[in-house]
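Source file: entry.txt; contents: compact mmCIF, C-alpha atoms and all ligand atoms.
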```
# COMPACT_ATOMS: atom_id res chain seq x y z
CA MET A 24 111.87 113.91 106.18
CA SER A 25 109.59 116.88 106.71
CA SER A 26 107.03 116.40 109.42
CA ILE A 27 104.11 116.51 106.96
CA SER A 28 105.48 113.77 104.73
CA TYR A 29 106.33 111.72 107.80
CA TRP A 30 102.75 112.13 108.95
CA ILE A 31 101.45 110.90 105.60
CA VAL A 32 103.75 107.89 105.61
CA SER A 33 102.88 106.98 109.19
CA THR A 34 99.16 107.37 108.54
CA ALA A 35 99.42 105.07 105.55
CA HIS A 36 101.44 102.62 107.61
CA PHE A 37 98.78 102.82 110.30
CA ARG A 38 95.97 102.09 107.81
CA ILE A 39 97.83 98.99 106.68
CA LEU A 40 98.19 97.95 110.29
CA CYS A 41 94.43 98.32 110.81
CA TRP A 42 93.72 96.42 107.63
CA LEU A 43 96.06 93.61 108.70
CA ARG A 44 94.28 93.41 112.04
CA HIS A 45 91.02 92.75 110.32
CA SER A 46 92.34 90.16 107.94
CA ASN A 47 93.61 87.48 110.29
CA MET A 48 93.08 88.36 113.94
CA LEU A 49 90.38 88.49 116.54
CA PRO A 50 87.85 91.17 115.57
CA THR A 51 88.31 94.76 116.74
CA PRO A 52 85.28 95.95 118.80
CA SER A 53 83.06 98.53 117.16
CA THR A 54 83.41 102.09 118.45
CA SER A 55 81.19 103.71 115.83
CA HIS A 56 78.91 105.22 118.52
CA VAL A 57 81.79 107.12 120.18
CA CYS A 58 82.29 110.87 119.65
CA PHE A 59 86.02 111.24 119.03
CA ASP A 60 85.92 115.01 119.59
CA ARG A 61 86.12 114.36 123.31
CA VAL A 62 87.14 110.70 123.67
CA TYR A 63 90.48 109.25 122.49
CA GLU A 64 90.10 107.49 119.16
CA PRO A 65 91.64 104.00 118.95
CA ALA A 66 95.10 104.36 117.43
CA GLU A 67 98.36 102.47 116.96
CA ASP A 68 98.89 102.33 120.75
CA SER A 69 95.44 100.83 121.36
CA PHE A 70 95.98 98.22 118.64
CA LEU A 71 99.40 97.31 119.99
CA LEU A 72 97.70 96.43 123.27
CA LEU A 73 95.09 94.27 121.51
CA ASP A 74 97.74 92.49 119.47
CA THR A 75 99.99 91.92 122.45
CA LEU A 76 97.27 90.54 124.72
CA SER A 77 96.08 88.16 122.03
CA SER A 78 99.54 87.13 120.79
CA ALA A 79 100.38 83.45 121.14
CA SER A 80 103.08 84.15 123.72
CA GLU A 81 101.01 86.45 125.96
CA SER A 82 97.81 84.44 125.83
CA GLY A 83 99.98 81.41 126.60
CA PHE A 84 101.40 83.18 129.65
CA LEU A 85 97.94 84.31 130.78
CA LYS A 86 96.29 80.92 130.23
CA ASP A 87 98.97 79.32 132.32
CA ARG A 88 98.76 81.95 135.08
CA PHE A 89 94.97 81.89 135.22
CA ASN A 90 94.29 78.20 134.69
CA ALA A 91 91.27 76.77 136.50
CA GLU A 92 93.41 75.72 139.49
CA SER A 93 94.61 79.31 139.98
CA GLY A 94 91.32 80.07 141.68
CA ALA A 95 88.24 82.28 141.43
CA PRO A 96 87.37 84.44 138.37
CA PRO A 97 90.18 86.86 137.47
CA LEU A 98 89.34 90.57 137.62
CA VAL A 99 90.68 92.66 134.73
CA LEU A 100 91.01 96.41 135.33
CA GLU A 101 91.77 98.88 132.59
CA VAL A 102 92.63 102.40 133.74
CA GLY A 103 91.99 105.14 131.18
CA VAL A 104 89.58 103.13 129.02
CA GLY A 105 88.91 105.97 126.53
CA SER A 106 86.61 104.52 123.84
CA GLY A 107 86.71 101.15 125.62
CA VAL A 108 88.23 99.35 122.64
CA VAL A 109 90.85 97.50 124.71
CA LEU A 110 88.55 96.47 127.56
CA ALA A 111 85.84 95.40 125.10
CA PHE A 112 88.35 93.32 123.15
CA THR A 113 89.54 91.65 126.34
CA ALA A 114 85.97 91.02 127.51
CA ALA A 115 84.76 89.61 124.20
CA ASN A 116 87.84 87.42 123.66
CA ALA A 117 88.34 86.28 127.24
CA LYS A 118 88.24 82.64 126.21
CA SER A 119 91.03 83.00 123.64
CA ILE A 120 93.15 85.21 125.89
CA PHE A 121 92.69 83.64 129.33
CA GLY A 122 91.23 80.25 128.48
CA ARG A 123 88.19 80.87 130.69
CA GLN A 124 84.77 82.49 130.42
CA ASP A 125 84.28 83.63 134.01
CA VAL A 126 86.56 86.67 133.69
CA LEU A 127 85.35 89.98 135.20
CA THR A 128 86.11 93.33 133.58
CA LEU A 129 86.17 96.78 135.16
CA GLY A 130 87.32 100.17 133.85
CA THR A 131 88.09 103.70 135.01
CA ASP A 132 88.65 107.01 133.26
CA ILE A 133 89.07 110.57 134.42
CA ASN A 134 86.88 111.69 131.49
CA SER A 135 83.20 111.00 132.25
CA PHE A 136 82.29 110.97 128.54
CA ALA A 137 84.83 108.20 128.05
CA CYS A 138 83.26 106.23 130.93
CA LYS A 139 79.87 106.21 129.23
CA ALA A 140 81.23 105.56 125.76
CA ALA A 141 83.40 102.68 126.97
CA SER A 142 80.55 100.95 128.82
CA GLN A 143 78.57 101.02 125.60
CA THR A 144 81.53 99.61 123.63
CA VAL A 145 81.95 96.70 126.05
CA ARG A 146 78.21 95.93 126.14
CA THR A 147 78.00 95.97 122.34
CA ALA A 148 81.03 93.72 121.97
CA LEU A 149 79.60 91.23 124.48
CA ASN A 150 76.16 91.24 122.84
CA ASP A 151 77.76 90.17 119.58
CA ASN A 152 78.74 86.92 121.27
CA VAL A 153 76.41 83.97 121.41
CA ASN A 154 77.70 82.57 124.70
CA PRO A 155 78.52 84.83 127.64
CA ALA A 156 82.19 85.52 126.96
CA SER A 157 82.86 87.18 130.31
CA THR A 158 81.12 89.38 132.89
CA PHE A 159 81.34 93.15 132.57
CA LEU A 160 81.09 95.19 135.78
CA ASP A 161 81.25 98.95 135.13
CA VAL A 162 83.43 101.88 134.16
CA VAL A 163 83.86 104.29 137.05
CA ASN A 164 84.91 107.91 136.80
CA GLY A 165 88.02 108.63 138.82
CA ASP A 166 91.72 109.21 139.08
CA LEU A 167 93.72 106.13 138.05
CA ALA A 168 92.83 103.19 140.35
CA SER A 169 92.23 105.29 143.46
CA SER A 170 88.82 103.75 144.20
CA ILE A 171 89.80 100.09 143.73
CA ARG A 172 90.11 97.74 146.71
CA PRO A 173 93.78 96.95 147.43
CA HIS A 174 95.14 93.66 146.01
CA SER A 175 91.93 92.91 144.12
CA ILE A 176 93.23 93.19 140.54
CA ASP A 177 94.51 90.15 138.64
CA VAL A 178 95.15 91.74 135.26
CA PHE A 179 95.87 95.44 134.97
CA ILE A 180 95.99 97.33 131.66
CA PHE A 181 97.04 100.95 131.05
CA ASN A 182 97.60 102.91 127.87
CA PRO A 183 98.51 106.17 129.59
CA PRO A 184 98.79 109.76 128.42
CA TYR A 185 102.46 109.25 127.44
CA VAL A 186 103.42 112.19 125.22
CA PRO A 187 106.05 114.54 126.70
CA ALA A 188 103.83 117.65 126.81
CA GLU A 189 102.70 119.95 129.56
CA LEU A 190 99.91 118.49 131.70
CA PRO A 191 96.54 120.13 131.18
CA ASN A 192 95.28 122.72 133.63
CA PHE A 193 92.84 120.83 135.86
CA THR A 194 91.17 123.95 137.33
CA HIS A 195 88.00 123.58 135.27
CA HIS A 196 87.80 119.78 135.34
CA ASP A 197 84.44 119.60 137.10
CA ARG A 198 82.87 122.03 134.66
CA TYR A 199 84.51 120.44 131.61
CA SER A 200 83.57 116.90 132.49
CA VAL A 201 79.82 117.46 132.02
CA LEU A 202 77.74 119.01 129.26
CA PRO A 203 77.45 122.79 129.68
CA PRO A 204 74.18 123.62 131.49
CA GLY A 205 71.26 123.69 129.07
CA LYS A 206 73.43 122.50 126.13
CA ASP A 207 73.51 119.18 124.37
CA ALA A 208 77.04 119.51 123.00
CA THR A 209 80.46 120.16 124.52
CA SER A 210 82.35 123.39 123.83
CA PHE A 211 85.58 123.59 121.84
CA GLU A 212 87.67 124.40 124.96
CA GLN A 213 86.08 121.49 126.73
CA ASP A 214 86.94 119.06 123.92
CA SER A 215 90.54 120.35 123.75
CA TYR A 216 90.91 119.84 127.49
CA LEU A 217 89.50 116.29 127.38
CA LEU A 218 91.78 115.33 124.51
CA GLU A 219 94.80 116.83 126.28
CA LEU A 220 93.98 114.55 129.21
CA SER A 221 94.29 111.59 126.88
CA TYR A 222 97.81 112.25 125.60
CA ALA A 223 99.72 114.84 127.70
CA GLY A 224 102.08 113.09 130.10
CA GLY A 225 104.22 115.94 131.51
CA GLU A 226 108.01 115.57 131.85
CA ASP A 227 109.32 112.63 129.78
CA GLY A 228 105.64 111.80 129.28
CA MET A 229 105.95 109.90 132.57
CA VAL A 230 104.15 111.98 135.20
CA VAL A 231 100.80 110.15 135.06
CA THR A 232 102.44 106.76 134.37
CA ASN A 233 104.77 107.12 137.36
CA ARG A 234 101.87 107.92 139.65
CA MET A 235 100.15 104.78 138.38
CA LEU A 236 103.24 102.56 138.64
CA ASN A 237 103.59 103.57 142.29
CA GLN A 238 100.11 102.17 143.00
CA ILE A 239 100.65 98.84 141.22
CA PRO A 240 102.22 96.79 144.05
CA GLU A 241 99.27 97.65 146.29
CA LEU A 242 96.69 97.10 143.57
CA LEU A 243 97.68 93.69 142.20
CA ASP A 244 96.70 90.35 143.65
CA VAL A 245 99.75 89.11 145.55
CA GLY A 246 99.84 85.65 143.99
CA ARG A 247 98.76 86.01 140.37
CA GLY A 248 98.52 89.76 139.57
CA VAL A 249 100.05 90.99 136.31
CA ALA A 250 100.12 94.45 134.70
CA TYR A 251 100.47 95.62 131.09
CA VAL A 252 101.60 99.22 130.62
CA LEU A 253 102.31 100.95 127.31
CA LEU A 254 105.41 103.13 127.00
CA CYS A 255 106.84 105.21 124.15
CA ALA A 256 110.53 105.65 123.37
CA GLN A 257 110.65 109.11 125.02
CA ASN A 258 109.47 107.55 128.31
CA LYS A 259 112.95 105.91 128.69
CA PRO A 260 111.51 102.41 128.89
CA GLU A 261 114.79 100.69 129.83
CA LEU A 262 115.09 102.92 132.89
CA VAL A 263 111.43 102.39 133.79
CA LYS A 264 111.87 98.60 133.68
CA GLU A 265 115.01 98.76 135.82
CA GLN A 266 113.18 100.81 138.43
CA ILE A 267 110.34 98.30 138.56
CA ARG A 268 112.79 95.43 139.13
CA GLU A 269 113.99 97.36 142.18
CA TRP A 270 110.54 97.33 143.81
CA GLY A 271 111.54 94.26 145.76
CA VAL A 272 112.03 90.51 145.65
CA GLY A 273 110.54 88.84 142.59
CA TRP A 274 109.34 91.91 140.69
CA GLU A 275 109.90 91.57 136.98
CA ALA A 276 109.39 93.83 133.97
CA GLU A 277 109.78 92.74 130.35
CA THR A 278 108.86 94.16 126.97
CA VAL A 279 106.31 91.76 125.48
CA GLY A 280 105.09 93.72 122.46
CA SER A 281 106.37 96.58 120.31
CA SER A 282 105.64 98.51 117.15
CA GLY A 283 106.92 101.22 114.86
CA LYS A 284 110.64 100.53 114.66
CA GLN A 285 112.48 103.78 113.82
CA ALA A 286 116.27 103.83 113.44
CA GLY A 287 116.56 100.81 115.71
CA TRP A 288 114.19 102.23 118.34
CA GLU A 289 110.80 100.81 119.10
CA LYS A 290 108.38 103.70 119.03
CA LEU A 291 105.85 102.02 121.30
CA GLN A 292 106.13 99.02 123.57
CA ILE A 293 104.08 97.07 126.08
CA VAL A 294 105.78 96.22 129.34
CA ARG A 295 104.54 93.29 131.38
CA ILE A 296 105.00 93.74 135.13
CA TRP A 297 104.60 90.80 137.48
CA ARG A 298 105.97 89.19 140.57
CA ASN A 299 107.67 85.85 140.55
CA LEU A 300 107.57 84.50 144.07
CA LYS A 301 108.53 80.94 143.23
CA MET B 242 76.32 100.71 138.43
CA LYS B 243 76.05 97.05 139.36
CA LEU B 244 76.03 95.96 142.98
CA LEU B 245 78.77 93.40 142.27
CA THR B 246 81.06 96.31 141.38
CA LEU B 247 80.81 97.51 144.99
CA ASN B 248 82.56 94.27 145.98
CA PHE B 249 85.74 95.72 144.46
CA LEU B 250 85.54 99.42 145.34
CA THR B 251 86.63 101.42 148.34
CA CYS B 252 87.01 105.04 149.42
CA ALA B 253 89.40 106.93 147.12
CA ILE B 254 91.02 108.79 150.00
CA LYS B 255 94.42 107.22 150.63
CA THR B 256 94.34 107.30 154.43
CA CYS B 257 90.95 105.52 154.46
CA LYS B 258 92.19 102.39 152.68
CA THR B 259 93.74 100.86 155.77
CA SER B 260 90.54 101.34 157.77
CA PRO B 261 88.08 98.41 157.58
CA ALA B 262 85.21 100.94 157.74
CA SER B 263 86.05 102.24 154.24
CA PHE B 264 84.64 99.01 152.75
CA PRO B 265 81.96 98.55 151.60
CA LEU B 266 80.82 101.96 150.45
CA HIS B 267 77.24 102.55 151.60
CA PRO B 268 74.59 103.54 149.03
CA ARG B 269 72.44 106.50 150.06
CA ASP B 270 69.37 108.08 148.39
CA ALA B 271 69.78 105.47 145.68
CA GLU B 272 67.47 105.19 142.71
CA LEU B 273 67.79 101.61 141.48
CA GLU B 274 67.31 100.20 138.02
CA ILE B 275 66.98 96.63 136.81
CA ILE B 276 68.77 95.71 133.60
CA GLU B 277 68.06 92.11 132.77
CA SER B 278 70.82 89.86 131.50
CA GLU B 279 71.42 86.22 130.72
CA ILE B 280 72.25 84.17 133.81
CA ASN B 281 75.74 82.63 133.70
CA LEU B 282 75.71 79.68 136.09
CA PRO B 283 79.40 78.70 135.85
CA PHE B 284 80.33 82.32 136.58
CA LEU B 285 78.06 82.54 139.64
CA ARG B 286 79.46 79.31 141.00
CA ASN B 287 83.05 80.43 140.56
CA ILE B 288 82.57 83.95 141.93
CA LEU B 289 81.31 82.72 145.32
CA PRO B 290 84.73 82.65 146.99
CA ARG B 291 85.45 86.23 145.83
CA LEU B 292 82.27 87.66 147.34
CA MET B 293 82.51 89.60 150.59
CA TRP B 294 79.23 88.08 151.68
CA GLU B 295 78.63 89.97 154.89
CA GLU B 296 79.29 93.30 153.15
CA ILE B 297 76.99 92.43 150.24
CA ARG B 298 74.25 91.54 152.73
CA VAL B 299 74.71 94.93 154.38
CA ILE B 300 74.43 96.76 151.05
CA ALA B 301 71.35 94.76 150.01
CA SER B 302 69.60 95.50 153.28
CA GLU B 303 70.53 99.20 153.11
CA LEU B 304 68.93 99.30 149.68
CA GLY B 305 65.78 97.62 151.03
CA LEU B 306 66.26 94.52 148.86
CA PRO B 307 64.98 91.13 150.05
CA SER B 308 67.36 89.98 152.79
CA LEU B 309 70.13 87.56 151.85
CA PRO B 310 70.82 84.42 153.91
CA THR B 311 73.39 84.85 156.69
CA THR B 312 75.75 82.31 155.18
CA PRO B 313 76.79 82.42 151.52
CA PRO B 314 75.21 79.81 149.23
CA THR B 315 77.31 76.81 148.30
CA ARG B 316 78.04 75.79 144.71
CA GLU B 317 75.41 73.07 145.00
CA ASP B 318 72.78 75.58 146.19
CA LEU B 319 72.94 77.25 142.79
CA VAL B 320 71.84 74.23 140.76
CA GLU B 321 68.35 72.76 140.77
CA GLY B 322 68.51 69.18 142.09
CA ALA B 323 72.32 69.28 142.33
CA SER B 324 72.64 65.96 144.11
CA GLN B 325 70.69 64.22 141.34
CA ALA B 326 72.84 65.85 138.67
CA GLN B 327 75.95 64.61 140.42
CA ALA B 328 74.61 61.08 140.35
CA THR B 329 73.99 61.34 136.59
CA GLU B 330 77.43 62.79 136.11
CA GLN B 331 79.04 59.83 137.80
CA ALA B 332 77.02 57.38 135.75
CA GLU B 333 77.15 58.95 132.31
CA GLY B 334 80.04 61.40 132.20
CA GLU B 335 80.16 65.18 132.36
CA ALA B 336 78.39 66.07 129.14
CA VAL B 337 74.98 64.97 130.45
CA ALA B 338 75.27 66.98 133.65
CA GLU B 339 76.21 70.12 131.69
CA VAL B 340 73.16 70.00 129.47
CA GLU B 341 70.77 69.41 132.33
CA GLU B 342 71.99 72.06 134.74
CA VAL B 343 69.13 74.34 135.73
CA PRO B 344 69.75 77.45 137.88
CA SER B 345 68.01 77.25 141.26
CA GLN B 346 65.95 80.09 142.71
CA THR B 347 68.99 80.97 144.84
CA ALA B 348 71.08 81.36 141.67
CA LYS B 349 68.42 83.53 140.06
CA ASP B 350 68.17 85.74 143.15
CA LEU B 351 71.94 86.10 143.33
CA HIS B 352 72.13 87.00 139.64
CA ARG B 353 69.34 89.55 140.10
CA ILE B 354 71.06 91.23 143.06
CA LEU B 355 74.67 91.17 141.89
CA LEU B 356 74.37 91.75 138.17
CA GLU B 357 70.89 92.99 137.25
CA THR B 358 70.30 95.52 140.03
CA GLY B 359 72.13 98.78 139.53
CA ILE B 360 72.38 102.18 141.17
CA LYS B 361 71.25 104.74 138.61
CA GLU B 362 71.38 107.89 140.70
CA GLY B 363 72.45 108.49 144.27
CA LYS B 364 75.49 108.52 146.49
CA LEU B 365 78.07 106.14 147.88
CA VAL B 366 79.24 107.02 151.36
CA CYS B 367 82.51 106.03 153.05
CA GLY B 368 81.94 104.54 156.50
CA ASN B 369 85.27 105.90 157.70
CA CYS B 370 85.46 109.54 156.55
CA ALA B 371 81.79 110.05 155.53
CA HIS B 372 82.83 111.37 152.10
CA GLU B 373 79.97 111.11 149.60
CA TYR B 374 80.63 110.01 146.03
CA LYS B 375 77.92 110.82 143.51
CA VAL B 376 76.45 108.32 141.08
CA MET B 377 74.95 109.94 138.00
CA GLU B 378 73.39 108.10 135.07
CA GLY B 379 74.86 104.91 136.45
CA VAL B 380 78.43 106.24 136.61
CA ALA B 381 80.07 106.69 140.04
CA ASN B 382 82.39 109.65 140.38
CA PHE B 383 85.43 109.09 142.61
CA LEU B 384 87.36 112.20 141.65
CA LEU B 385 88.55 114.22 144.60
CA PRO B 386 89.64 117.87 144.45
CA GLY B 387 93.12 116.68 145.53
CA HIS B 388 93.44 114.51 142.41
CA LEU B 389 93.22 117.54 140.18
CA VAL B 390 96.45 119.36 141.02
C1 LIG A 401 96.03 107.25 125.38
S1 LIG A 401 94.36 107.26 125.94
C2 LIG A 401 93.98 105.51 125.89
C3 LIG A 401 92.52 105.21 125.64
C4 LIG A 401 92.19 103.73 125.40
N1 LIG A 401 92.55 102.92 126.53
C5 LIG A 401 92.89 103.23 124.16
O1 LIG A 401 93.86 102.46 124.31
O2 LIG A 401 92.49 103.57 123.05
C6 LIG A 401 94.54 107.61 127.70
C7 LIG A 401 93.25 107.61 128.51
O3 LIG A 401 93.56 107.81 129.90
C8 LIG A 401 92.63 108.70 130.49
N2 LIG A 401 93.27 109.33 131.65
C9 LIG A 401 94.19 110.33 131.65
N3 LIG A 401 94.56 110.63 132.91
C10 LIG A 401 93.85 109.79 133.73
C11 LIG A 401 93.78 109.62 135.15
N4 LIG A 401 94.51 110.37 135.97
N5 LIG A 401 92.94 108.68 135.63
C12 LIG A 401 92.18 107.92 134.80
N6 LIG A 401 92.21 108.04 133.45
C13 LIG A 401 93.04 108.95 132.92
C14 LIG A 401 92.27 109.66 129.36
O4 LIG A 401 91.03 110.30 129.60
C15 LIG A 401 92.25 108.71 128.15
O5 LIG A 401 90.99 108.15 127.97
ZN ZN A 402 86.86 107.57 153.25
```

Encoded form using structure tokens:
Amino acid sequence: MSSISYWIVSTAHFRILCWLRHSNMLPTPSTSHVCFDRVYEPAEDSFLLLDTLSSASESGFLKDRFNAESGAPPLVLEVGVGSGVVLAFTAANAKSIFGRQDVLTLGTDINSFACKAASQTVRTALNDNVNPASTFLDVVNGDLASSIRPHSIDVFIFNPPYVPAELPNFTHHDRYSVLPPGKDATSFEQDSYLLELSYAGGEDGMVVTNRMLNQIPELLDVGRGVAYVLLCAQNKPELVKEQIREWGVGWEAETVGSSGKQAGWEKLQIVRIWRNLK
Amino acid sequence: MKLLTLNFLTCAIKTCKTSPASFPLHPRDAELEIIESEINLPFLRNILPRLMWEEIRVIASELGLPSLPTTPPTREDLVEGASQAQATEQAEGEAVAEVEEVPSQTAKDLHRILLETGIKEGKLVCGNCAHEYKVMEGVANFLLPGHLV
């Protein structure tokens, strides 16, 4: 199949996916205020995360893990929030996903435009609710989870830049992450850089993800922490899972959601990472 | 940026994380803003054990906010006439108590400080390495030059 016709087929397939989401699932948060020239537009990967977190099996797992006896309000951290669609969905549907309404949500992104857009997305999604669905903290600008207190995260979510493509050149990051002086719009080079940040993952598409995985044991709550990380087929997911299981006693990694089967391969999958100390 | 967020943040420099002085980050030259929101009593009650009370007191006093009590409030402190409500609960079942729960002044103050007071512009300073992180338009920036290589 030529690449163009494949693109058309996959776009059509994607539309159907979006349409299906709306017909019988929890609502997708509105991102109509977000400028997708410089912030990642929700796509099949984003929706796979929403569907996985709200699936009967995952929400069952989470409800059990975070039942009232498990302790104080769980803190959800999403790294690389982009438009905020995933964090907003989690915040607005906390009751269906976790079985409790005292959940806290926090986000980070390296792209400062994404930070602002995502905060707005979460606030809008929460305002649509009659009862307080959860408590939103903030989205901070930073590298991965570098500014988060160790062992403070109960639920970690990451849809990384996973495409095997050269990492962007970070030299101009500071200049590119704000509006050009005296202007009210970003430049074309700036937008290209910010979008590259959202998909380019270096060798095997794993450079950013590997840096993040290395931080996970120190980031998660020791007793009840759990992480959801999206991988694509080129990331060698089986190898990634094996490596996680070698972190130490009790560490587990399982595929809990997938989409886009091609010739027997799942194009995208969500890996759940957690520690079983019992 | 909400003050409750500071309860979960630390200096982004790796070698600082093991030093107790890297938490909490200290606001400096902060311009505050108040964004009102609906009080969520069950949330406030449940979050109490996760609060680093002494550190939050330090931040509040550094920001010139009314001083917080030396010991954290109890769950009962957050509900108006909590002892009475408990009595009703025992007599008539939980539903009655739920309807009648009124947030106490302590609960309102806590909500105001943790969730309605935000840093709009200013800096957050690490007590260990003295690095200053800027807050602009309510967004804190923790990027370090070393992250961008
Ligand atoms: C594939 S997009 C996902 C966006 C959104 N979570 C979604 O699912 O639609 C990846 C996001 O990660 C962000 N990102 C890339 N590198 C990062 C880093 N080192 N630290 C924090 N965020 C990063 C990008 O700016 C982008 O918003
Ligand atoms: Zn420091």

Around ligand LIG 401 (chain A), out to 8 Å and counting all atoms listed in the file, which residues are there? I want them as a ChimeraX atom specification.
/A:62-66,68-70,72,101-110,131-134,137,164-168,181-185,217-218,220-222,231 /B:388

Distance atom CA of A:Lys118-atom CA of A:Ser77, one decimal place?
10.5 Å

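All residues of protein, DNA or RNA that reach within 12 Å of B:Leu289, judged by all atoms listed in the file and not counting those fewer than 3 positions away in the chain, are Gly94, Ala95, Pro96 and Asp125 of chain A; Leu245, Asn248, Leu282, Pro283, Phe284, Leu285, Arg286, Leu292, Met293, Trp294, Ile297, Thr312, Pro313, Pro314, Thr315, Arg316, Glu317, Asp318, Leu319, Ala348, Leu351, His352 and Leu355 of chain B.
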
Return as a compact mmCIF listing (two decimals) with C-alpha atoms, in the coordinates of the input the residues belonging to chain A that are within 10 Å of chain B, counting only C-alpha atoms.
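Writing done, so here's selection09.txt:
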```
# COMPACT_ATOMS: atom_id res chain seq x y z
CA ALA A 91 91.27 76.77 136.50
CA GLY A 94 91.32 80.07 141.68
CA ALA A 95 88.24 82.28 141.43
CA PRO A 96 87.37 84.44 138.37
CA PRO A 97 90.18 86.86 137.47
CA LEU A 98 89.34 90.57 137.62
CA ARG A 123 88.19 80.87 130.69
CA GLN A 124 84.77 82.49 130.42
CA ASP A 125 84.28 83.63 134.01
CA VAL A 126 86.56 86.67 133.69
CA LEU A 127 85.35 89.98 135.20
CA THR A 128 86.11 93.33 133.58
CA LEU A 129 86.17 96.78 135.16
CA THR A 131 88.09 103.70 135.01
CA ASP A 132 88.65 107.01 133.26
CA ILE A 133 89.07 110.57 134.42
CA SER A 135 83.20 111.00 132.25
CA CYS A 138 83.26 106.23 130.93
CA LYS A 139 79.87 106.21 129.23
CA SER A 142 80.55 100.95 128.82
CA ASN A 154 77.70 82.57 124.70
CA PRO A 155 78.52 84.83 127.64
CA ALA A 156 82.19 85.52 126.96
CA SER A 157 82.86 87.18 130.31
CA THR A 158 81.12 89.38 132.89
CA PHE A 159 81.34 93.15 132.57
CA LEU A 160 81.09 95.19 135.78
CA ASP A 161 81.25 98.95 135.13
CA VAL A 162 83.43 101.88 134.16
CA VAL A 163 83.86 104.29 137.05
CA ASN A 164 84.91 107.91 136.80
CA GLY A 165 88.02 108.63 138.82
CA ASP A 166 91.72 109.21 139.08
CA LEU A 167 93.72 106.13 138.05
CA ALA A 168 92.83 103.19 140.35
CA SER A 169 92.23 105.29 143.46
CA SER A 170 88.82 103.75 144.20
CA ILE A 171 89.80 100.09 143.73
CA ARG A 172 90.11 97.74 146.71
CA PRO A 173 93.78 96.95 147.43
CA HIS A 174 95.14 93.66 146.01
CA SER A 175 91.93 92.91 144.12
CA ILE A 176 93.23 93.19 140.54
CA LEU A 190 99.91 118.49 131.70
CA PRO A 191 96.54 120.13 131.18
CA ASN A 192 95.28 122.72 133.63
CA PHE A 193 92.84 120.83 135.86
CA THR A 194 91.17 123.95 137.33
CA HIS A 195 88.00 123.58 135.27
CA HIS A 196 87.80 119.78 135.34
CA ASP A 197 84.44 119.60 137.10
```

If I put a ball of radius 6 Å at (75.1, 108.7, 141.5) in the file's coordinates, which residues poke into it when counting all atoms listed in the file, written as a ChimeraX atom specification?
/B:362-364,375-377,381

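Of the residues under consideration (B:Tyr374, B:Glu357, B:Cys367, B:Thr311), B:Cys367 shows the shortest atom-to-atom contact distance to ligand ZN 402 (chain A) when counting all atoms listed in the file.
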
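For the pair atom CA of A:Leu85 and atom CA of A:Phe112, the interatomic distance is 15.2 Å.
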
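Near A:Ser78, within 10 Å and counting only C-alpha atoms, sit A:Met48, A:Leu72, A:Leu73, A:Asp74, A:Thr75, A:Glu81, A:Ser82, A:Gly83, A:Phe84, A:Ser119, A:Ile120, A:Val279, A:Gly280, not including residues fewer than 3 positions from it in the same chain.
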